[in-house]
file upload.cif (mmCIF, C-alpha atoms)
data_protein
loop_
_atom_site.group_PDB
_atom_site.id
_atom_site.type_symbol
_atom_site.label_atom_id
_atom_site.label_comp_id
_atom_site.auth_asym_id
_atom_site.auth_seq_id
_atom_site.Cartn_x
_atom_site.Cartn_y
_atom_site.Cartn_z
ATOM 1 C CA MET A 1 21.554 30.370 -7.181
ATOM 2 C CA ILE A 2 21.256 26.629 -6.750
ATOM 3 C CA ARG A 3 18.027 24.728 -7.402
ATOM 4 C CA LEU A 4 17.574 21.455 -5.534
ATOM 5 C CA GLN A 5 14.851 19.053 -6.593
ATOM 6 C CA ALA A 6 14.023 15.929 -4.555
ATOM 7 C CA GLU A 7 13.168 12.785 -6.482
ATOM 8 C CA TYR A 8 10.404 11.711 -4.100
ATOM 9 C CA LEU A 9 8.848 12.506 -0.728
ATOM 10 C CA PRO A 10 7.180 10.078 1.660
ATOM 11 C CA GLY A 11 3.404 9.956 1.461
ATOM 12 C CA GLU A 12 3.162 10.366 -2.323
ATOM 13 C CA ARG A 13 3.642 14.139 -2.057
ATOM 14 C CA ASP A 14 4.833 16.269 -4.947
ATOM 15 C CA PRO A 15 8.329 17.622 -4.125
ATOM 16 C CA LYS A 16 8.769 21.349 -4.636
ATOM 17 C CA PRO A 17 12.199 22.747 -5.561
ATOM 18 C CA VAL A 18 14.378 24.360 -2.896
ATOM 19 C CA TRP A 19 16.523 27.346 -3.813
ATOM 20 C CA LEU A 20 19.891 27.945 -2.146
ATOM 21 C CA TRP A 21 22.316 30.790 -2.577
ATOM 22 C CA SER A 22 26.089 30.585 -2.403
ATOM 23 C CA SER A 23 28.717 33.234 -3.026
ATOM 24 C CA ALA A 24 31.214 30.632 -4.272
ATOM 25 C CA THR A 25 32.113 31.036 -7.924
ATOM 26 C CA ALA A 26 33.104 27.443 -8.742
ATOM 27 C CA ILE A 27 30.923 24.894 -6.955
ATOM 28 C CA THR A 28 31.964 21.271 -6.898
ATOM 29 C CA ALA A 29 29.671 18.319 -6.255
ATOM 30 C CA ALA A 30 31.148 17.946 -2.738
ATOM 31 C CA HIS A 31 30.422 21.622 -1.995
ATOM 32 C CA LEU A 32 26.858 21.229 -3.257
ATOM 33 C CA ASP A 33 26.344 18.165 -1.038
ATOM 34 C CA ARG A 34 27.609 20.151 1.936
ATOM 35 C CA LEU A 35 25.201 23.026 1.176
ATOM 36 C CA TRP A 36 22.036 20.932 1.168
ATOM 37 C CA GLN A 37 23.185 18.967 4.223
ATOM 38 C CA ALA A 38 23.702 22.290 6.042
ATOM 39 C CA LEU A 39 20.158 23.267 5.032
ATOM 40 C CA LEU A 40 18.779 20.036 6.511
ATOM 41 C CA ARG A 41 20.825 20.530 9.703
ATOM 42 C CA ARG A 42 19.552 24.094 10.069
ATOM 43 C CA PHE A 43 15.971 22.898 9.586
ATOM 44 C CA ASP A 44 16.440 20.285 12.334
ATOM 45 C CA LEU A 45 18.004 22.801 14.711
ATOM 46 C CA GLU A 46 15.318 25.445 14.186
ATOM 47 C CA HIS A 47 12.522 23.002 14.921
ATOM 48 C CA THR A 48 14.370 21.603 17.940
ATOM 49 C CA PHE A 49 14.755 25.097 19.410
ATOM 50 C CA ARG A 50 11.109 25.896 18.670
ATOM 51 C CA MET A 51 10.029 22.702 20.423
ATOM 52 C CA CYS A 52 12.294 23.374 23.410
ATOM 53 C CA LYS A 53 10.931 26.905 23.767
ATOM 54 C CA GLN A 54 7.242 26.148 23.293
ATOM 55 C CA THR A 55 6.726 22.647 24.675
ATOM 56 C CA LEU A 56 9.510 22.205 27.232
ATOM 57 C CA GLY A 57 9.515 25.780 28.545
ATOM 58 C CA TRP A 58 13.149 26.625 27.825
ATOM 59 C CA THR A 59 12.533 30.373 27.968
ATOM 60 C CA ALA A 60 9.861 30.266 30.709
ATOM 61 C CA PRO A 61 11.975 30.901 33.847
ATOM 62 C CA LYS A 62 13.365 34.353 34.478
ATOM 63 C CA LEU A 63 16.885 33.398 35.493
ATOM 64 C CA ARG A 64 19.173 36.083 36.896
ATOM 65 C CA ASP A 65 22.460 34.229 36.922
ATOM 66 C CA PRO A 66 24.177 33.152 33.684
ATOM 67 C CA HIS A 67 25.305 29.897 35.338
ATOM 68 C CA ALA A 68 21.707 29.121 36.271
ATOM 69 C CA ALA A 69 20.680 29.735 32.645
ATOM 70 C CA ASP A 70 23.371 27.297 31.480
ATOM 71 C CA ARG A 71 22.188 24.666 33.965
ATOM 72 C CA TRP A 72 18.580 25.177 32.846
ATOM 73 C CA THR A 73 19.606 24.762 29.195
ATOM 74 C CA TRP A 74 21.355 21.470 29.972
ATOM 75 C CA LEU A 75 18.311 20.261 31.926
ATOM 76 C CA ILE A 76 16.088 20.981 28.927
ATOM 77 C CA ILE A 77 18.502 19.117 26.633
ATOM 78 C CA VAL A 78 18.440 16.132 29.009
ATOM 79 C CA ALA A 79 14.620 16.239 29.088
ATOM 80 C CA TYR A 80 14.504 16.333 25.283
ATOM 81 C CA THR A 81 16.856 13.327 25.113
ATOM 82 C CA GLN A 82 14.772 11.418 27.658
ATOM 83 C CA LEU A 83 11.635 12.047 25.605
ATOM 84 C CA GLY A 84 13.395 10.615 22.583
ATOM 85 C CA LEU A 85 14.450 7.517 24.521
ATOM 86 C CA ALA A 86 10.966 6.994 25.986
ATOM 87 C CA ARG A 87 9.100 7.167 22.666
ATOM 88 C CA VAL A 88 8.700 3.383 22.398
ATOM 89 C CA LEU A 89 7.303 3.198 25.964
ATOM 90 C CA ALA A 90 4.777 6.033 25.930
ATOM 91 C CA PRO A 91 1.248 5.629 24.521
ATOM 92 C CA ASP A 92 0.293 7.766 21.547
ATOM 93 C CA LEU A 93 -2.184 10.340 22.861
ATOM 94 C CA ARG A 94 -2.863 12.155 19.637
ATOM 95 C CA ARG A 95 -5.027 15.135 18.896
ATOM 96 C CA PRO A 96 -8.162 14.518 16.767
ATOM 97 C CA TRP A 97 -6.492 15.981 13.681
ATOM 98 C CA GLU A 98 -3.257 13.976 14.048
ATOM 99 C CA ARG A 99 -2.752 10.681 12.262
ATOM 100 C CA PRO A 100 -1.748 7.591 14.231
ATOM 101 C CA ALA A 101 1.996 6.963 14.264
ATOM 102 C CA PRO A 102 4.097 3.946 15.164
ATOM 103 C CA PRO A 103 5.965 4.345 18.497
ATOM 104 C CA GLU A 104 9.360 4.902 16.869
ATOM 105 C CA TRP A 105 7.938 7.875 14.916
ATOM 106 C CA LEU A 106 6.434 9.772 17.851
ATOM 107 C CA THR A 107 7.574 13.356 18.235
ATOM 108 C CA PRO A 108 8.857 14.560 21.626
ATOM 109 C CA ALA A 109 5.650 16.579 22.100
ATOM 110 C CA ARG A 110 3.496 13.465 21.625
ATOM 111 C CA VAL A 111 5.720 11.460 23.972
ATOM 112 C CA ARG A 112 5.365 14.244 26.546
ATOM 113 C CA ARG A 113 1.566 13.994 26.229
ATOM 114 C CA GLY A 114 1.674 10.268 26.972
ATOM 115 C CA PHE A 115 4.282 10.583 29.717
ATOM 116 C CA ARG A 116 1.686 10.833 32.509
ATOM 117 C CA HIS A 117 0.591 7.264 31.686
ATOM 118 C CA LEU A 118 4.191 6.068 31.559
ATOM 119 C CA ARG A 119 5.481 7.449 34.867
ATOM 120 C CA PRO A 120 3.390 5.224 37.198
ATOM 121 C CA ARG A 121 4.792 2.095 35.495
ATOM 122 C CA LEU A 122 8.433 3.107 36.028
ATOM 123 C CA PRO A 123 10.374 2.027 39.133
ATOM 124 C CA LEU A 124 11.079 4.812 41.594
ATOM 125 C CA PRO A 125 14.807 5.277 42.243
ATOM 126 C CA ALA A 126 14.225 7.028 45.576
ATOM 127 C CA GLY A 127 11.840 6.607 48.463
ATOM 128 C CA ALA A 128 9.244 9.112 49.565
ATOM 129 C CA PRO A 129 10.673 12.220 51.253
ATOM 130 C CA LYS A 130 10.673 12.253 55.028
ATOM 131 C CA PRO A 131 8.500 14.889 56.681
ATOM 132 C CA THR A 132 10.537 17.647 58.271
ATOM 133 C CA ARG A 133 10.116 21.058 59.713
ATOM 134 C CA SER A 134 10.730 24.110 57.605
ATOM 135 C CA GLY A 135 14.302 25.278 57.210
ATOM 136 C CA PRO A 136 15.817 28.587 58.188
ATOM 137 C CA GLY A 137 14.845 31.448 56.000
ATOM 138 C CA ARG A 138 12.915 34.636 55.856
ATOM 139 C CA PRO A 139 10.006 34.573 58.319
ATOM 140 C CA PHE A 140 6.564 34.243 56.768
ATOM 141 C CA GLY A 141 5.007 37.617 56.004
ATOM 142 C CA SER A 142 8.214 39.661 56.106
ATOM 143 C CA LYS A 143 9.331 41.523 52.992
ATOM 144 C CA ASN A 144 12.501 40.799 51.069
ATOM 145 C CA ARG A 145 14.707 43.844 51.580
ATOM 146 C CA ALA A 146 17.740 42.593 49.631
ATOM 147 C CA ARG A 147 17.800 43.570 45.973
ATOM 148 C CA ALA A 148 18.445 40.864 43.422
ATOM 149 C CA ARG A 149 21.853 40.862 41.754
ATOM 150 C CA HIS A 150 21.853 42.322 38.244
ATOM 151 C CA HIS A 151 24.057 40.785 35.552
ATOM 152 C CA ASP A 152 24.870 43.071 32.642
ATOM 153 C CA VAL A 153 24.202 41.440 29.264
ATOM 154 C CA GLY A 154 26.925 43.414 27.541
ATOM 155 C CA LYS A 155 24.742 45.691 25.427
ATOM 156 C CA THR A 156 25.548 49.385 25.280
ATOM 157 C CA THR A 157 23.435 52.310 24.252
ATOM 158 C CA LYS A 158 24.383 54.640 21.426
ATOM 159 C CA ARG A 159 25.916 57.848 22.684
ATOM 160 C CA ALA A 160 25.728 61.136 20.796
ATOM 161 C CA GLU A 161 29.488 61.784 21.195
ATOM 162 C CA THR A 162 30.365 58.408 19.722
ATOM 163 C CA LEU A 163 28.080 58.884 16.710
ATOM 164 C CA THR A 164 29.393 62.374 15.880
ATOM 165 C CA GLU A 165 32.978 61.225 16.325
ATOM 166 C CA HIS A 166 32.323 58.251 13.998
ATOM 167 C CA ARG A 167 30.718 60.495 11.349
ATOM 168 C CA SER A 168 33.610 62.983 11.438
ATOM 169 C CA ARG A 169 36.108 60.153 10.815
ATOM 170 C CA ARG A 170 34.159 58.915 7.764
ATOM 171 C CA GLY A 171 33.498 62.303 6.198
#
call {"tool": "encode", "arguments": {"input": "upload.cif", "output": "structure tokens"}}
result
Amino acid sequence: MIRLQAEYLPGERDPKPVWLWSSATAITAAHLDRLWQALLRRFDLEHTFRMCKQTLGWTAPKLRDPHAADRWTWLIIVAYTQLGLARVLAPDLRRPWERPAPPEWLTPARVRRGFRHLRPRLPLPAGAPKPTRSGPGRPFGSKNRARARHHDVGKTTKRAETLTEHRSRRG
């Protein structure tokens, strides 16, 4: 067990100790530095994934194709990066319980809130779309008779024969 104690925290808060566990028998100072840096990296990643799922809707679409899921993931990563780059441009639209923050400290969720005020000030890279007639496709009102493709996720169910065979090998 390793006990980490911070010397200070911003905002005059009292730092509480953090406990880490390692199975290494002889820990060097370099190994200890790597352990707490891995803890900080994991903390950053967990909160990034939580933000991408809740605020940016990473898990919202029901994608059937693995390639489409990969493209969607990259789009969400690009959106997250763009929110980080736009933090100095977006106004801080904070909730009543949130403290004011300087522009360089805005979270991606707060930048996203202020993005609606930012977009009209940005130049448009493309012109307005031209009106056109509808493209070829299924006629309005007709039912889709083609079943969607199913992609197996690779999970298997437990089979009785496999379990009994496994138990007989152990016993």
call {"tool": "resolve_selection", "arguments": {"input": "upload.cif", "expression": "the PyMOL selection byres ((chain A and resi 109) around 9)", "output": "ChimeraX atom specification"}}
result
/A:51,55-56,83,106-108,110-114
call {"tool": "atom_distance", "arguments": {"input": "upload.cif", "atom1": "atom CA of A:Thr25", "atom2": "atom CA of A:Leu45"}}
result
27.9 Å
call {"tool": "closest_residue", "arguments": {"input": "upload.cif", "among": "A:Leu75, A:Ala6, A:Ala101, A:Ala126", "to": "A:Gly57", "atoms": "only C-alpha atoms"}}
result
A:Leu75
call {"tool": "resolve_selection", "arguments": {"input": "upload.cif", "expression": "the PyMOL selection byres ((chain A and resi 91) around 8)", "output": "list in words"}}
result
Leu89, Ala90, Asp92, Leu93, Pro103, Val111, Gly114, Phe115, His117 and Leu118 of chain A
call {"tool": "closest_residue", "arguments": {"input": "upload.cif", "among": "A:His67, A:Arg3, A:Arg121, A:Arg87", "to": "A:Trp36", "atoms": "all atoms listed in the file"}}
result
A:Arg3
call {"tool": "closest_residue", "arguments": {"input": "upload.cif", "among": "A:Thr48, A:Gln37, A:Thr132, A:Ser142", "to": "A:Tyr80", "atoms": "only C-alpha atoms"}}
result
A:Thr48
call {"tool": "residues_around", "arguments": {"input": "upload.cif", "residues": "A:Leu20", "least_positions_apart": "4", "cutoff": "8 Å", "atoms": "only C-alpha atoms", "output": "VMD selection string"}}
result
chain A and resid 1 to 4 35
call {"tool": "closest_residue", "arguments": {"input": "upload.cif", "among": "A:Ala24, A:Leu39, A:Ala69, A:Cys52", "to": "A:Thr81", "atoms": "only C-alpha atoms"}}
result
A:Cys52
call {"tool": "build_atoms", "arguments": {"input": "upload.cif", "residues": "stretch 85-101 of chain A", "atoms": "N, CA, C and O atoms", "output": "PDB file, in the frame of the given file"}}
result
ATOM      1  N   LEU A  85      14.209   8.903  24.097  1.00  0.00           N
ATOM      2  CA  LEU A  85      14.450   7.517  24.521  1.00  0.00           C
ATOM      3  C   LEU A  85      13.165   6.822  24.961  1.00  0.00           C
ATOM      4  O   LEU A  85      13.047   5.604  24.854  1.00  0.00           O
ATOM      5  N   ALA A  86      12.199   7.585  25.462  1.00  0.00           N
ATOM      6  CA  ALA A  86      10.966   6.994  25.986  1.00  0.00           C
ATOM      7  C   ALA A  86       9.879   6.850  24.930  1.00  0.00           C
ATOM      8  O   ALA A  86       8.773   6.414  25.245  1.00  0.00           O
ATOM      9  N   ARG A  87      10.161   7.167  23.683  1.00  0.00           N
ATOM     10  CA  ARG A  87       9.100   7.167  22.666  1.00  0.00           C
ATOM     11  C   ARG A  87       8.495   5.791  22.432  1.00  0.00           C
ATOM     12  O   ARG A  87       7.339   5.681  22.100  1.00  0.00           O
ATOM     13  N   VAL A  88       9.267   4.715  22.618  1.00  0.00           N
ATOM     14  CA  VAL A  88       8.700   3.383  22.398  1.00  0.00           C
ATOM     15  C   VAL A  88       7.895   2.909  23.609  1.00  0.00           C
ATOM     16  O   VAL A  88       7.149   1.935  23.511  1.00  0.00           O
ATOM     17  N   LEU A  89       8.016   3.592  24.751  1.00  0.00           N
ATOM     18  CA  LEU A  89       7.303   3.198  25.964  1.00  0.00           C
ATOM     19  C   LEU A  89       5.992   3.958  26.175  1.00  0.00           C
ATOM     20  O   LEU A  89       5.084   3.464  26.822  1.00  0.00           O
ATOM     21  N   ALA A  90       5.930   5.167  25.669  1.00  0.00           N
ATOM     22  CA  ALA A  90       4.777   6.033  25.930  1.00  0.00           C
ATOM     23  C   ALA A  90       3.637   5.734  24.959  1.00  0.00           C
ATOM     24  O   ALA A  90       3.869   5.461  23.778  1.00  0.00           O
ATOM     25  N   PRO A  91       2.382   5.801  25.439  1.00  0.00           N
ATOM     26  CA  PRO A  91       1.248   5.629  24.521  1.00  0.00           C
ATOM     27  C   PRO A  91       1.089   6.866  23.639  1.00  0.00           C
ATOM     28  O   PRO A  91       1.486   7.963  24.007  1.00  0.00           O
ATOM     29  N   ASP A  92       0.504   6.665  22.485  1.00  0.00           N
ATOM     30  CA  ASP A  92       0.293   7.766  21.547  1.00  0.00           C
ATOM     31  C   ASP A  92      -1.040   8.441  21.859  1.00  0.00           C
ATOM     32  O   ASP A  92      -2.102   7.961  21.468  1.00  0.00           O
ATOM     33  N   LEU A  93      -0.980   9.551  22.585  1.00  0.00           N
ATOM     34  CA  LEU A  93      -2.184  10.340  22.861  1.00  0.00           C
ATOM     35  C   LEU A  93      -2.222  11.457  21.831  1.00  0.00           C
ATOM     36  O   LEU A  93      -1.669  12.526  22.025  1.00  0.00           O
ATOM     37  N   ARG A  94      -2.879  11.197  20.742  1.00  0.00           N
ATOM     38  CA  ARG A  94      -2.863  12.155  19.637  1.00  0.00           C
ATOM     39  C   ARG A  94      -4.081  13.060  19.670  1.00  0.00           C
ATOM     40  O   ARG A  94      -5.108  12.729  20.236  1.00  0.00           O
ATOM     41  N   ARG A  95      -3.929  14.196  19.059  1.00  0.00           N
ATOM     42  CA  ARG A  95      -5.027  15.135  18.896  1.00  0.00           C
ATOM     43  C   ARG A  95      -5.957  14.587  17.809  1.00  0.00           C
ATOM     44  O   ARG A  95      -5.546  13.771  16.987  1.00  0.00           O
ATOM     45  N   PRO A  96      -7.227  15.050  17.772  1.00  0.00           N
ATOM     46  CA  PRO A  96      -8.162  14.518  16.767  1.00  0.00           C
ATOM     47  C   PRO A  96      -7.699  14.709  15.331  1.00  0.00           C
ATOM     48  O   PRO A  96      -8.031  13.898  14.463  1.00  0.00           O
ATOM     49  N   TRP A  97      -6.916  15.723  15.063  1.00  0.00           N
ATOM     50  CA  TRP A  97      -6.492  15.981  13.681  1.00  0.00           C
ATOM     51  C   TRP A  97      -5.169  15.283  13.338  1.00  0.00           C
ATOM     52  O   TRP A  97      -4.751  15.314  12.189  1.00  0.00           O
ATOM     53  N   GLU A  98      -4.523  14.647  14.310  1.00  0.00           N
ATOM     54  CA  GLU A  98      -3.257  13.976  14.048  1.00  0.00           C
ATOM     55  C   GLU A  98      -3.482  12.524  13.631  1.00  0.00           C
ATOM     56  O   GLU A  98      -4.377  11.856  14.143  1.00  0.00           O
ATOM     57  N   ARG A  99      -2.669  12.071  12.715  1.00  0.00           N
ATOM     58  CA  ARG A  99      -2.752  10.681  12.262  1.00  0.00           C
ATOM     59  C   ARG A  99      -2.035   9.773  13.259  1.00  0.00           C
ATOM     60  O   ARG A  99      -1.074  10.188  13.899  1.00  0.00           O
ATOM     61  N   PRO A 100      -2.480   8.530  13.369  1.00  0.00           N
ATOM     62  CA  PRO A 100      -1.748   7.591  14.231  1.00  0.00           C
ATOM     63  C   PRO A 100      -0.326   7.377  13.705  1.00  0.00           C
ATOM     64  O   PRO A 100      -0.088   7.417  12.503  1.00  0.00           O
ATOM     65  N   ALA A 101       0.595   7.172  14.643  1.00  0.00           N
ATOM     66  CA  ALA A 101       1.996   6.963  14.264  1.00  0.00           C
ATOM     67  C   ALA A 101       2.549   5.777  15.041  1.00  0.00           C
ATOM     68  O   ALA A 101       2.165   5.550  16.186  1.00  0.00           O
TER      69      ALA A 101
END
